[in-house]
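J.: File start-v1.cif below, mmCIF, C-alpha atoms:
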data_input
loop_
_atom_site.label_atom_id
_atom_site.label_comp_id
_atom_site.auth_asym_id
_atom_site.auth_seq_id
_atom_site.Cartn_x
_atom_site.Cartn_y
_atom_site.Cartn_z
CA MET A 1277 109.29 54.08 -32.21
CA PRO A 1278 107.93 51.05 -30.32
CA ALA A 1279 104.56 51.12 -28.57
CA PHE A 1280 104.04 50.06 -24.95
CA ARG A 1281 100.89 49.02 -23.10
CA PHE A 1282 100.67 50.53 -19.63
CA THR A 1283 98.55 50.32 -16.49
CA ALA A 1284 98.71 53.21 -14.03
CA ILE A 1285 96.77 54.79 -11.17
CA ASP A 1286 95.86 58.44 -11.60
CA ALA A 1287 95.69 61.12 -8.92
CA GLN A 1288 92.04 60.22 -8.15
CA GLY A 1289 92.94 56.58 -7.53
CA GLN A 1290 91.41 55.35 -10.78
CA VAL A 1291 93.12 52.61 -12.79
CA GLN A 1292 94.06 53.79 -16.29
CA HIS A 1293 95.00 51.54 -19.23
CA GLY A 1294 96.44 52.64 -22.56
CA THR A 1295 99.31 52.56 -25.03
CA MET A 1296 102.20 54.96 -25.47
CA GLU A 1297 105.03 55.30 -27.94
CA ALA A 1298 108.42 55.70 -26.31
CA PRO A 1299 112.05 54.67 -26.85
CA ASP A 1300 111.96 52.14 -23.99
CA GLN A 1301 110.06 51.03 -20.89
CA ALA A 1302 111.91 53.47 -18.62
CA ALA A 1303 110.73 56.39 -20.76
CA VAL A 1304 107.11 55.23 -20.41
CA ILE A 1305 107.42 55.06 -16.62
CA ASP A 1306 109.10 58.47 -16.47
CA ARG A 1307 106.41 60.10 -18.63
CA LEU A 1308 103.59 58.60 -16.54
CA GLN A 1309 105.21 59.86 -13.36
CA ARG A 1310 105.51 63.38 -14.79
CA GLN A 1311 101.79 63.23 -15.59
CA GLY A 1312 101.06 62.52 -11.92
CA HIS A 1313 100.26 58.83 -12.41
CA VAL A 1314 101.52 55.84 -10.41
CA PRO A 1315 102.83 53.32 -13.01
CA MET A 1316 101.87 49.71 -12.32
CA ARG A 1317 102.91 47.98 -15.55
CA ALA A 1318 104.57 48.88 -18.86
CA GLU A 1319 105.26 46.24 -21.50
CA PRO A 1320 105.72 46.07 -25.28
CA ALA A 1321 102.43 46.27 -27.15
CA GLU A 1322 103.35 43.55 -29.65
CA GLY A 1323 101.25 40.45 -29.15
CA GLY A 1324 104.00 37.90 -29.71
CA ARG A 1325 107.61 37.53 -28.70
CA ARG A 1326 110.50 36.00 -30.57
CA TRP A 1327 112.13 32.89 -29.17
CA THR A 1328 115.23 34.91 -28.32
CA GLU A 1329 113.12 37.32 -26.24
CA ILE A 1330 111.44 34.45 -24.42
CA PHE A 1331 114.82 32.88 -23.72
CA THR A 1332 116.22 36.18 -22.49
CA ALA A 1333 113.17 36.75 -20.27
CA ASP A 1334 113.56 33.33 -18.72
CA LEU A 1335 117.22 33.96 -18.01
CA GLY A 1336 116.39 37.34 -16.50
CA ARG A 1337 113.83 35.76 -14.22
CA ARG A 1338 116.45 33.36 -12.93
CA ARG A 1339 118.81 36.28 -12.29
CA GLY A 1340 116.30 38.04 -10.06
CA LEU A 1341 116.52 38.17 -6.29
CA GLY A 1342 114.70 35.64 -4.14
CA ARG A 1343 112.16 36.61 -1.52
CA GLN A 1344 114.68 36.20 1.28
CA ASP A 1345 117.17 38.48 -0.49
CA VAL A 1346 114.49 41.14 -1.12
CA THR A 1347 113.44 41.01 2.52
CA ASP A 1348 117.03 41.39 3.75
CA VAL A 1349 117.74 44.29 1.38
CA THR A 1350 114.54 46.07 2.44
CA ARG A 1351 115.33 45.66 6.13
CA GLU A 1352 118.89 46.96 5.69
CA LEU A 1353 117.66 49.98 3.73
CA ALA A 1354 115.05 50.74 6.38
CA THR A 1355 117.61 50.45 9.18
CA MET A 1356 120.16 52.72 7.50
CA LEU A 1357 117.66 55.39 6.48
CA ASP A 1358 116.17 55.37 9.97
CA ALA A 1359 119.69 55.89 11.34
CA GLY A 1360 120.00 59.09 9.33
CA GLN A 1361 121.96 57.85 6.31
CA ASP A 1362 121.10 59.24 2.90
CA LEU A 1363 119.72 56.91 0.22
CA ASP A 1364 122.88 56.86 -1.90
CA ARG A 1365 125.07 55.88 1.03
CA ALA A 1366 122.60 53.22 2.12
CA LEU A 1367 122.53 51.70 -1.37
CA ARG A 1368 126.32 51.82 -1.57
CA PHE A 1369 126.57 50.00 1.77
CA ILE A 1370 124.25 47.26 0.50
CA VAL A 1371 126.30 46.87 -2.69
CA GLU A 1372 129.61 46.71 -0.81
CA THR A 1373 128.41 44.28 1.86
CA ALA A 1374 126.14 42.10 -0.29
CA PRO A 1375 126.60 38.39 0.58
CA LYS A 1376 125.90 37.34 -3.02
CA PRO A 1377 127.27 38.74 -6.30
CA ARG A 1378 123.73 38.76 -7.72
CA ILE A 1379 122.53 41.13 -4.98
CA ALA A 1380 125.51 43.42 -5.53
CA THR A 1381 124.94 43.54 -9.30
CA ILE A 1382 121.21 44.30 -9.11
CA MET A 1383 121.47 46.83 -6.29
CA ASP A 1384 124.38 48.56 -8.04
CA ARG A 1385 122.13 49.04 -11.09
CA VAL A 1386 119.45 50.47 -8.79
CA ARG A 1387 121.99 52.82 -7.20
CA GLU A 1388 123.20 54.08 -10.56
CA LYS A 1389 119.62 54.91 -11.61
CA VAL A 1390 119.02 56.75 -8.33
CA ARG A 1391 122.26 58.71 -8.76
CA GLY A 1392 121.05 59.59 -12.25
CA GLY A 1393 118.00 61.33 -10.81
CA SER A 1394 115.47 58.51 -10.74
CA SER A 1395 113.33 57.85 -7.69
CA LEU A 1396 113.93 54.65 -5.74
CA ALA A 1397 110.54 53.26 -6.79
CA ALA A 1398 111.23 53.98 -10.47
CA ALA A 1399 114.67 52.38 -10.20
CA LEU A 1400 113.25 49.28 -8.55
CA ALA A 1401 110.45 49.13 -11.16
CA GLN A 1402 113.11 48.50 -13.79
CA GLU A 1403 114.07 45.29 -11.94
CA PRO A 1404 110.72 43.46 -12.21
CA GLN A 1405 112.39 40.05 -11.82
CA SER A 1406 113.36 41.01 -8.27
CA PHE A 1407 110.87 43.53 -6.90
CA PRO A 1408 107.09 42.89 -7.13
CA LYS A 1409 104.44 45.54 -7.72
CA LEU A 1410 103.52 45.56 -4.03
CA HIS A 1411 107.09 46.52 -3.17
CA ILE A 1412 107.24 49.28 -5.75
CA GLY A 1413 103.77 50.65 -4.95
CA LEU A 1414 104.54 50.99 -1.25
CA ILE A 1415 107.90 52.65 -1.82
CA ARG A 1416 106.38 55.08 -4.34
CA ALA A 1417 103.73 56.04 -1.77
CA GLY A 1418 106.41 56.43 0.90
CA GLU A 1419 108.50 58.71 -1.31
CA ALA A 1420 105.46 60.81 -2.18
CA GLY A 1421 104.61 61.20 1.52
CA GLY A 1422 108.19 61.90 2.60
CA ALA A 1423 108.28 58.85 4.88
CA LEU A 1424 110.52 56.45 2.97
CA ALA A 1425 112.31 55.03 6.02
CA GLU A 1426 109.05 54.32 7.85
CA THR A 1427 107.54 52.80 4.70
CA LEU A 1428 110.55 50.52 4.16
CA ASP A 1429 110.33 49.43 7.79
CA ARG A 1430 106.65 48.52 7.38
CA LEU A 1431 107.37 46.78 4.09
CA ALA A 1432 110.17 44.76 5.66
CA GLY A 1433 107.80 43.80 8.47
CA LEU A 1434 105.20 42.72 5.92
CA LEU A 1435 107.71 40.58 4.02
CA GLU A 1436 109.04 39.04 7.23
CA ARG A 1437 105.52 38.16 8.40
CA GLU A 1438 104.70 36.56 5.05
CA ARG A 1439 107.94 34.58 5.16
CA SER A 1440 107.30 33.49 8.74
CA LEU A 1441 103.78 32.34 7.91
CA ALA A 1442 104.92 30.46 4.82
CA ALA A 1443 107.79 28.85 6.75
CA THR A 1444 105.37 27.75 9.47
CA VAL A 1445 103.10 26.04 6.96
CA GLN A 1446 105.96 24.43 5.03
CA SER A 1447 107.86 23.15 8.07
CA ALA A 1448 104.68 21.75 9.62
CA LEU A 1449 103.86 19.76 6.46
CA ILE A 1450 107.35 18.29 6.01
CA TYR A 1451 106.82 15.42 8.47
CA PRO A 1452 103.44 14.27 7.05
CA ALA A 1453 104.92 14.48 3.54
CA LEU A 1454 107.88 12.29 4.53
CA MET A 1455 105.55 9.81 6.18
CA LEU A 1456 103.40 9.67 3.04
CA VAL A 1457 106.46 9.01 0.88
CA ALA A 1458 107.62 6.31 3.30
CA ALA A 1459 104.17 4.70 3.28
CA ILE A 1460 103.99 4.64 -0.52
CA GLY A 1461 107.54 3.31 -0.73
CA SER A 1462 106.91 0.54 1.81
CA ILE A 1463 103.68 -0.63 0.19
CA GLY A 1464 105.23 -0.42 -3.28
CA THR A 1465 108.21 -2.53 -2.16
CA LEU A 1466 105.96 -5.21 -0.69
CA VAL A 1467 103.69 -5.33 -3.75
CA GLY A 1468 106.39 -4.98 -6.40
CA TYR A 1469 109.25 -7.03 -4.96
CA VAL A 1470 108.21 -9.16 -1.99
CA LEU A 1471 104.97 -10.64 -3.33
CA PRO A 1472 106.47 -11.80 -6.67
CA VAL A 1473 109.01 -13.93 -4.76
CA PHE A 1474 106.18 -16.10 -3.44
CA VAL A 1475 104.37 -16.49 -6.78
CA PRO A 1476 106.38 -19.58 -7.99
CA LEU A 1477 106.02 -21.24 -4.58
CA PHE A 1478 102.25 -20.85 -4.57
CA ALA A 1479 101.97 -21.91 -8.23
CA GLU A 1480 103.89 -25.15 -7.62
CA SER A 1481 101.72 -26.07 -4.65
CA GLY A 1482 98.55 -26.10 -6.75
CA THR A 1483 96.47 -25.22 -3.71
CA GLN A 1484 93.53 -22.83 -3.61
CA LEU A 1485 94.89 -19.56 -2.18
CA PRO A 1486 92.80 -17.26 0.03
CA ALA A 1487 90.84 -14.61 -1.83
CA MET A 1488 92.89 -11.79 -0.31
CA THR A 1489 96.13 -13.41 -1.41
CA ARG A 1490 94.85 -13.97 -4.96
CA MET A 1491 93.74 -10.37 -5.19
CA LEU A 1492 97.14 -9.09 -4.07
CA MET A 1493 98.94 -11.42 -6.49
CA ASP A 1494 96.80 -10.17 -9.37
CA PHE A 1495 97.40 -6.58 -8.34
CA SER A 1496 101.16 -7.16 -8.16
CA ALA A 1497 101.20 -8.73 -11.65
CA ALA A 1498 99.14 -5.86 -13.06
CA MET A 1499 101.47 -3.27 -11.54
CA GLN A 1500 104.56 -4.99 -12.95
CA THR A 1501 103.00 -4.97 -16.43
CA ALA A 1502 101.26 -1.61 -16.45
CA GLY A 1503 103.41 0.25 -13.91
CA PRO A 1504 105.76 1.96 -16.42
CA TRP A 1505 102.81 2.98 -18.61
CA LEU A 1506 100.95 4.36 -15.62
CA LEU A 1507 104.03 6.40 -14.69
CA VAL A 1508 104.24 7.82 -18.22
CA ALA A 1509 100.51 8.58 -18.16
CA ALA A 1510 100.87 10.33 -14.81
CA LEU A 1511 103.71 12.49 -16.15
CA ILE A 1512 101.69 13.42 -19.25
CA LEU A 1513 98.65 14.20 -17.10
CA GLY A 1514 100.80 16.39 -14.87
CA VAL A 1515 102.12 18.38 -17.84
CA VAL A 1516 98.62 18.78 -19.30
CA LEU A 1517 97.20 19.86 -15.94
CA ARG A 1518 100.01 22.37 -15.46
CA GLN A 1519 99.30 23.92 -18.86
CA ALA A 1520 95.56 23.94 -18.17
CA LEU A 1521 96.08 25.77 -14.88
CA ARG A 1522 97.68 28.62 -16.81
CA ASN A 1523 94.28 29.27 -18.37
CA ASP A 1524 92.33 31.58 -16.07
CA ASP A 1525 88.96 30.17 -17.15
CA PHE A 1526 90.07 26.69 -16.07
CA ARG A 1527 92.00 27.72 -12.98
CA ARG A 1528 89.33 29.99 -11.46
CA PRO A 1529 86.79 27.19 -10.69
CA VAL A 1530 89.65 24.97 -9.50
CA ASP A 1531 90.77 27.66 -7.06
CA ARG A 1532 87.19 28.07 -5.85
CA LEU A 1533 86.80 24.32 -5.42
CA LEU A 1534 89.98 24.11 -3.34
CA LEU A 1535 88.54 26.67 -0.92
CA HIS A 1536 85.65 24.27 -0.13
CA VAL A 1537 87.70 21.07 0.36
CA PRO A 1538 87.28 19.81 3.95
CA LEU A 1539 90.20 20.74 6.23
CA LEU A 1540 92.38 22.09 3.39
CA GLY A 1541 89.76 24.65 2.35
CA GLY A 1542 89.61 26.18 5.82
CA LEU A 1543 93.39 26.54 5.92
CA LEU A 1544 93.46 28.17 2.49
CA ARG A 1545 90.70 30.64 3.39
CA GLU A 1546 92.46 31.70 6.58
CA SER A 1547 95.74 32.09 4.70
CA LEU A 1548 94.07 34.17 1.96
CA ALA A 1549 92.41 36.38 4.56
CA ALA A 1550 95.72 36.93 6.35
CA ARG A 1551 97.54 37.84 3.13
CA PHE A 1552 94.73 40.07 1.85
CA THR A 1553 94.25 42.07 5.04
CA ARG A 1554 97.98 42.38 5.78
CA THR A 1555 98.70 43.69 2.28
CA LEU A 1556 95.64 45.96 2.12
CA GLY A 1557 96.22 47.38 5.60
CA THR A 1558 99.90 48.08 4.90
CA LEU A 1559 99.14 49.80 1.60
CA LEU A 1560 96.38 51.98 3.08
CA LYS A 1561 98.51 52.90 6.08
CA ASN A 1562 101.23 54.13 3.73
CA GLY A 1563 98.85 56.43 1.85
CA VAL A 1564 97.97 54.32 -1.19
CA PRO A 1565 94.36 55.05 -2.30
CA LEU A 1566 91.86 52.23 -1.77
CA ILE A 1567 91.35 51.49 -5.48
CA GLY A 1568 95.07 51.46 -6.14
CA ALA A 1569 95.64 49.26 -3.08
CA LEU A 1570 93.04 46.76 -4.27
CA THR A 1571 94.68 46.69 -7.70
CA ILE A 1572 98.05 45.85 -6.13
CA VAL A 1573 96.44 43.22 -3.90
CA THR A 1574 94.96 41.40 -6.89
CA GLU A 1575 98.50 41.11 -8.29
CA THR A 1576 99.76 39.38 -5.14
CA ILE A 1577 96.85 37.32 -3.78
CA GLY A 1578 97.34 34.25 -6.00
CA ASN A 1579 93.90 32.61 -5.83
CA LEU A 1580 91.85 33.61 -8.91
CA ALA A 1581 88.52 33.09 -7.18
CA ALA A 1582 89.61 35.59 -4.53
CA VAL A 1583 90.95 37.92 -7.25
CA ALA A 1584 87.53 37.93 -8.94
CA ALA A 1585 85.83 38.77 -5.64
CA ILE A 1586 88.29 41.62 -4.97
CA GLN A 1587 87.78 43.04 -8.45
CA ILE A 1588 84.01 43.11 -7.95
CA ALA A 1589 84.50 44.82 -4.59
CA SER A 1590 86.84 47.33 -6.24
CA GLU A 1591 84.21 48.20 -8.83
CA ASN A 1592 81.67 48.74 -6.04
CA ALA A 1593 84.14 50.91 -4.15
CA LYS A 1594 84.61 53.11 -7.23
CA GLY A 1595 80.89 53.81 -7.13
CA GLY A 1596 81.04 54.80 -3.49
CA ALA A 1597 79.73 51.50 -2.08
CA GLY A 1598 81.43 49.66 0.75
CA LEU A 1599 84.15 47.07 0.39
CA SER A 1600 82.99 44.52 2.94
CA LYS A 1601 79.53 43.78 1.51
CA PRO A 1602 80.60 42.45 -1.93
CA LEU A 1603 83.48 40.53 -0.33
CA GLY A 1604 81.00 38.88 2.04
CA GLU A 1605 78.63 38.01 -0.79
CA ALA A 1606 81.45 36.22 -2.64
CA ARG A 1607 81.72 33.71 0.24
CA ILE A 1608 85.46 33.40 -0.26
CA PHE A 1609 86.85 35.00 2.88
CA PRO A 1610 86.03 34.07 6.51
CA PRO A 1611 83.12 35.96 8.14
CA ARG A 1612 85.40 37.36 10.85
CA MET A 1613 87.46 39.22 8.25
CA ILE A 1614 84.32 40.65 6.64
CA HIS A 1615 83.02 41.80 10.02
CA LEU A 1616 86.28 43.57 10.91
CA LEU A 1617 86.47 45.29 7.52
CA ARG A 1618 82.86 46.47 7.90
CA LEU A 1619 83.72 47.84 11.33
CA GLY A 1620 86.73 49.62 9.84
CA GLU A 1621 84.57 51.23 7.15
CA GLU A 1622 82.00 52.39 9.67
CA THR A 1623 84.63 53.95 11.95
CA ALA A 1624 86.87 55.29 9.13
CA GLN A 1625 89.71 53.07 10.37
CA LEU A 1626 89.91 50.57 7.53
CA SER A 1627 93.70 50.27 7.53
CA ALA A 1628 93.90 49.69 11.30
CA MET A 1629 91.11 47.11 11.29
CA ALA A 1630 92.61 45.35 8.26
CA LEU A 1631 95.93 44.98 10.10
CA LYS A 1632 94.06 43.76 13.19
CA ALA A 1633 92.27 41.19 11.05
CA ALA A 1634 95.63 40.14 9.60
CA GLU A 1635 96.99 39.35 13.07
CA ILE A 1636 93.92 37.29 13.89
CA HIS A 1637 93.95 35.30 10.65
CA GLU A 1638 97.71 34.72 10.73
CA GLU A 1639 97.28 33.13 14.15
CA ARG A 1640 94.27 31.13 12.95
CA THR A 1641 96.33 29.92 9.98
CA ARG A 1642 99.00 28.60 12.34
CA ILE A 1643 96.31 26.86 14.42
CA ALA A 1644 94.72 25.38 11.29
CA VAL A 1645 98.11 24.03 10.18
CA GLN A 1646 98.65 22.42 13.57
CA ARG A 1647 95.21 20.80 13.41
CA LEU A 1648 95.81 19.54 9.89
CA VAL A 1649 99.15 18.03 10.85
CA SER A 1650 97.69 16.47 14.00
CA LEU A 1651 95.10 14.73 11.80
CA LEU A 1652 97.38 13.79 8.90
CA THR A 1653 100.13 12.15 10.94
CA PRO A 1654 98.03 9.47 12.71
CA THR A 1655 95.88 8.97 9.59
CA ILE A 1656 98.91 8.18 7.43
CA THR A 1657 100.33 5.94 10.16
CA ILE A 1658 97.10 3.98 10.52
CA VAL A 1659 96.57 3.58 6.76
CA MET A 1660 100.17 2.48 6.22
CA GLY A 1661 100.01 0.04 9.13
CA ALA A 1662 96.70 -1.41 7.92
CA ALA A 1663 97.99 -1.85 4.36
CA VAL A 1664 101.22 -3.53 5.46
CA ALA A 1665 99.33 -5.73 7.93
CA ALA A 1666 96.89 -6.78 5.18
CA ILE A 1667 99.72 -7.71 2.80
CA VAL A 1668 101.73 -9.59 5.40
CA GLY A 1669 98.58 -11.25 6.77
CA SER A 1670 97.54 -12.50 3.34
CA LEU A 1671 101.00 -14.00 2.82
CA MET A 1672 100.94 -15.66 6.22
CA MET A 1673 97.49 -17.16 5.54
CA ALA A 1674 98.77 -18.63 2.26
CA MET A 1675 101.92 -19.99 3.92
CA LEU A 1676 99.89 -21.60 6.70
CA GLY A 1677 97.74 -23.24 4.03
CA LEU A 1678 100.86 -24.72 2.43
CA ASN A 1679 102.02 -26.04 5.81
CA ASP A 1680 98.65 -27.69 6.41
CA LEU A 1681 98.86 -29.31 2.96
CA ALA A 1682 102.38 -30.63 3.72
CA LEU A 1683 101.20 -32.17 6.97
#
Could you take the file, read its structure, and then write that structure out as structure tokens?
T.:
Amino acid sequence: MPAFRFTAIDAQGQVQHGTMEAPDQAAVIDRLQRQGHVPMRAEPAEGGRRWTEIFTADLGRRRGLGRQDVTDVTRELATMLDAGQDLDRALRFIVETAPKPRIATIMDRVREKVRGGSSLAAALAQEPQSFPKLHIGLIRAGEAGGALAETLDRLAGLLERERSLAATVQSALIYPALMLVAAIGSIGTLVGYVLPVFVPLFAESGTQLPAMTRMLMDFSAAMQTAGPWLLVAALILGVVLRQALRNDDFRRPVDRLLLHVPLLGGLLRESLAARFTRTLGTLLKNGVPLIGALTIVTETIGNLAAVAAIQIASENAKGGAGLSKPLGEARIFPPRMIHLLRLGEETAQLSAMALKAAEIHEERTRIAVQRLVSLLTPTITIVMGAAVAAIVGSLMMAMLGLNDLAL
């Protein structure tokens, strides 16, 4: 019988790790639930995987639902349950009206498991490519508290807020990104194609060219010779860097460094604070214990420097200490968030104050994005204009020198 490694949260909110022999992953999850635990992860205990398993896992990941699809499904479930429909009928409605075959297939599998006696959280846990641990943890807490419809509504609101915040950041950065591409393309065209046209003309004249013109001509020749090799080197460096970032020991200091980059660091810190407080507040409000909520948050936060700070705070919270003090000492999150969390601990309203902090930091993230864009756009325009003017000016100076020589 195969062995599985598992991570679960017990009735006291403590995180438990171990191994268990069972026929499959579903049996592990079912056994943990019968023991009163909240399963977080169950995976084969073997250290390696065959190539066929890796290939199958990759295909399964592609077959999962996207964030937009998960948000829509959650909102529809919340709406139907709130209207008085039973869970089976709500799932059947989603399957029958699904806009994509992929949604219908996955949700039909979920419905069959629910009809077979499984809880909704356990059924969704068997679709890890589609539903993250945050999703499953909240629904499990909602089922345990008998408030599934309300929990799904809050979860849908959380997902919609995250999507709105991400869309705001992405849409705001599209224009500066296009301008940057246009600037690089324009300068590259001038250096790579326009300047070489004038090289034979200047060579035949035999005149002493201005220093700026000579420097640009040398740069153009160097780029024509070394350009392809530089492109190959950049691709190799990108692949190596991508692999290195998969190593936690390498990525953690990189993530910390990004949080202290001027302008960008402030935006990242506000975004992390918004995501952390929104997720933590939603979990606590739905009855998830603090330690379990922090464990789920570390799975969704993304930045490893912030994850390390949250893990230290979680260890302190297990010993009865406060959450805000170790988070403040890590100097990762903004002081305003730390202050609001401390106030929530002192007044026994941690979930409410965390959600209040989330609203504040989501708005500050939008403001930070607007400021960043307002600085990037004119900066790119000025740099591009100065570079083009320098290239064209150097050519004009050389051409005027040729005209003076002809006269």
J.: Excluding range 1344-1359 of chain A and residues on its chain fewer than 2 positions from it, collect all residues at most 7 Å away from it, counting only C-alpha atoms, and give them as number ranges by chain.
T.: A: 1341-1342, 1361-1363, 1366, 1425, 1428-1429, 1432, 1435-1436
J.: Tell me which protein, DNA and RNA residues are within 12 Å of Ser1395 in chain A, counting only C-alpha atoms, leaving out same-chain ones fewer than 3 positions away, and put them as a list in words.
T.: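 Skipping anything fewer than 3 positions along the chain leaves Ala1302, Ile1305, Asp1306, Gln1309, Arg1310, Leu1363, Asp1364, Val1386, Arg1387, Glu1388, Lys1389, Val1390, Arg1391, Gly1392, Ala1398, Ala1399, Leu1400, Ala1401, Gln1402, Ile1412, Ile1415, Arg1416, Ala1417, Gly1418, Glu1419, Ala1420 and Leu1424 of chain A.
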J.: Just write the chosen residues, C-alpha atoms, as a tab-separated table (two decimals), in the coordinates of the input.
T.:
chain	number	residue	atom	x	y	z
A	1302	ALA	CA	111.91	53.47	-18.62
A	1305	ILE	CA	107.42	55.06	-16.62
A	1306	ASP	CA	109.10	58.47	-16.47
A	1309	GLN	CA	105.21	59.86	-13.36
A	1310	ARG	CA	105.51	63.38	-14.79
A	1363	LEU	CA	119.72	56.91	0.22
A	1364	ASP	CA	122.88	56.86	-1.90
A	1386	VAL	CA	119.45	50.47	-8.79
A	1387	ARG	CA	121.99	52.82	-7.20
A	1388	GLU	CA	123.20	54.08	-10.56
A	1389	LYS	CA	119.62	54.91	-11.61
A	1390	VAL	CA	119.02	56.75	-8.33
A	1391	ARG	CA	122.26	58.71	-8.76
A	1392	GLY	CA	121.05	59.59	-12.25
A	1398	ALA	CA	111.23	53.98	-10.47
A	1399	ALA	CA	114.67	52.38	-10.20
A	1400	LEU	CA	113.25	49.28	-8.55
A	1401	ALA	CA	110.45	49.13	-11.16
A	1402	GLN	CA	113.11	48.50	-13.79
A	1412	ILE	CA	107.24	49.28	-5.75
A	1415	ILE	CA	107.90	52.65	-1.82
A	1416	ARG	CA	106.38	55.08	-4.34
A	1417	ALA	CA	103.73	56.04	-1.77
A	1418	GLY	CA	106.41	56.43	0.90
A	1419	GLU	CA	108.50	58.71	-1.31
A	1420	ALA	CA	105.46	60.81	-2.18
A	1424	LEU	CA	110.52	56.45	2.97
J.: What does the PyMOL selection byres ((chain A and resi 1413) around 9) select in this file, as a list of chain:residue names?
T.: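 After applying the PyMOL selection byres ((chain A and resi 1413) around 9), what remains is A:Val1314, A:Pro1315, A:Met1316, A:Ala1397, A:Pro1408, A:Lys1409, A:Leu1410, A:His1411, A:Ile1412, A:Leu1414, A:Ile1415, A:Arg1416, A:Ala1417, A:Gly1418, A:Leu1559, A:Val1564, A:Gly1568, A:Ala1569, A:Ile1572.
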J.: Starting from the PyMOL selection byres ((chain A and resi 1653-1669) around 7), expand the selection into actual residues of this file and give them as a PyMOL selection string.
T.: chain A and resi 1452+1455-1456+1459+1463+1649-1652+1670-1673
J.: Give me the result of the PyMOL selection byres ((chain A and resi 1635) around 12) on this file, residue by residue, as a PyMOL selection string.
T.: chain A and resi 1434+1437-1438+1441+1546-1547+1549-1555+1557+1612-1613+1616+1628-1634+1636-1642
J.: Keeping only C-alpha atoms, write the selected residues as an mmCIF file, keeping the file's coordinate frame.
T.:
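The resulting file, result05.cif, is reproduced below:
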data_model
loop_
_atom_site.group_PDB
_atom_site.id
_atom_site.type_symbol
_atom_site.label_atom_id
_atom_site.label_comp_id
_atom_site.auth_asym_id
_atom_site.auth_seq_id
_atom_site.Cartn_x
_atom_site.Cartn_y
_atom_site.Cartn_z
ATOM 1 C CA LEU A 1434 105.200 42.720 5.920
ATOM 2 C CA ARG A 1437 105.520 38.160 8.400
ATOM 3 C CA GLU A 1438 104.700 36.560 5.050
ATOM 4 C CA LEU A 1441 103.780 32.340 7.910
ATOM 5 C CA GLU A 1546 92.460 31.700 6.580
ATOM 6 C CA SER A 1547 95.740 32.090 4.700
ATOM 7 C CA ALA A 1549 92.410 36.380 4.560
ATOM 8 C CA ALA A 1550 95.720 36.930 6.350
ATOM 9 C CA ARG A 1551 97.540 37.840 3.130
ATOM 10 C CA PHE A 1552 94.730 40.070 1.850
ATOM 11 C CA THR A 1553 94.250 42.070 5.040
ATOM 12 C CA ARG A 1554 97.980 42.380 5.780
ATOM 13 C CA THR A 1555 98.700 43.690 2.280
ATOM 14 C CA GLY A 1557 96.220 47.380 5.600
ATOM 15 C CA ARG A 1612 85.400 37.360 10.850
ATOM 16 C CA MET A 1613 87.460 39.220 8.250
ATOM 17 C CA LEU A 1616 86.280 43.570 10.910
ATOM 18 C CA ALA A 1628 93.900 49.690 11.300
ATOM 19 C CA MET A 1629 91.110 47.110 11.290
ATOM 20 C CA ALA A 1630 92.610 45.350 8.260
ATOM 21 C CA LEU A 1631 95.930 44.980 10.100
ATOM 22 C CA LYS A 1632 94.060 43.760 13.190
ATOM 23 C CA ALA A 1633 92.270 41.190 11.050
ATOM 24 C CA ALA A 1634 95.630 40.140 9.600
ATOM 25 C CA ILE A 1636 93.920 37.290 13.890
ATOM 26 C CA HIS A 1637 93.950 35.300 10.650
ATOM 27 C CA GLU A 1638 97.710 34.720 10.730
ATOM 28 C CA GLU A 1639 97.280 33.130 14.150
ATOM 29 C CA ARG A 1640 94.270 31.130 12.950
ATOM 30 C CA THR A 1641 96.330 29.920 9.980
ATOM 31 C CA ARG A 1642 99.000 28.600 12.340
#
J.: Can you work out which one of A:Ala1502, A:Leu1676, A:Leu1626, A:Val1473 has the shortest atom-to-atom distance to Leu1556 in chain A, counting all atoms listed in the file?
T.: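 Counting all atoms listed in the file, the residue closest to Leu1556 in chain A is A:Leu1626.
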J.: Counting all atoms listed in the file, I want the residues whose atoms come within 12 Å of (104.0, 24.7, 9.7) in the file frame, returned as an MDAnalysis selection string.
T.: chainID A and resid 1439:1453 1543 1638:1639 1641:1650
J.: Go through A:Ala1581, A:Ala1593, A:Leu1617, A:Leu1534 and flag the residue nearest Pro1565 in chain A, using all atoms listed in the file for the distances.
T.: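 Closest residue, counting all atoms listed in the file: A:Ala1593.
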J.: Figure out the distance between CA of Arg1368 in chain A and CA of His1313 in chain A, please, to one decimal in Å.
T.: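 CA of Arg1368 in chain A lies 29.1 Å from CA of His1313 in chain A.
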J.: Between A:Leu1521, A:Thr1623, A:Asn1579, A:Ser1590, single out the one closest to Phe1609 in chain A, counting all atoms listed in the file.
T.: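 The shortest atom-to-atom distance to Phe1609 in chain A comes from A:Asn1579.
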J.: Determine the nearest neighbour of Glu1591 in chain A from the options A:Ala1674, A:Gln1519, A:Thr1571, A:Glu1480, counting all atoms listed in the file.
T.: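 Distance minimum relative to Glu1591 in chain A lands on A:Thr1571.
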J.: What gap, in Å, lies between CA of Ala1584 in chain A and CA of Thr1295 in chain A?
T.: 24.7 Å
J.: So what do you get for CA of Gly1598 in chain A versus CA of Gln1292 in chain A, distance-wise?
T.: 21.6 Å
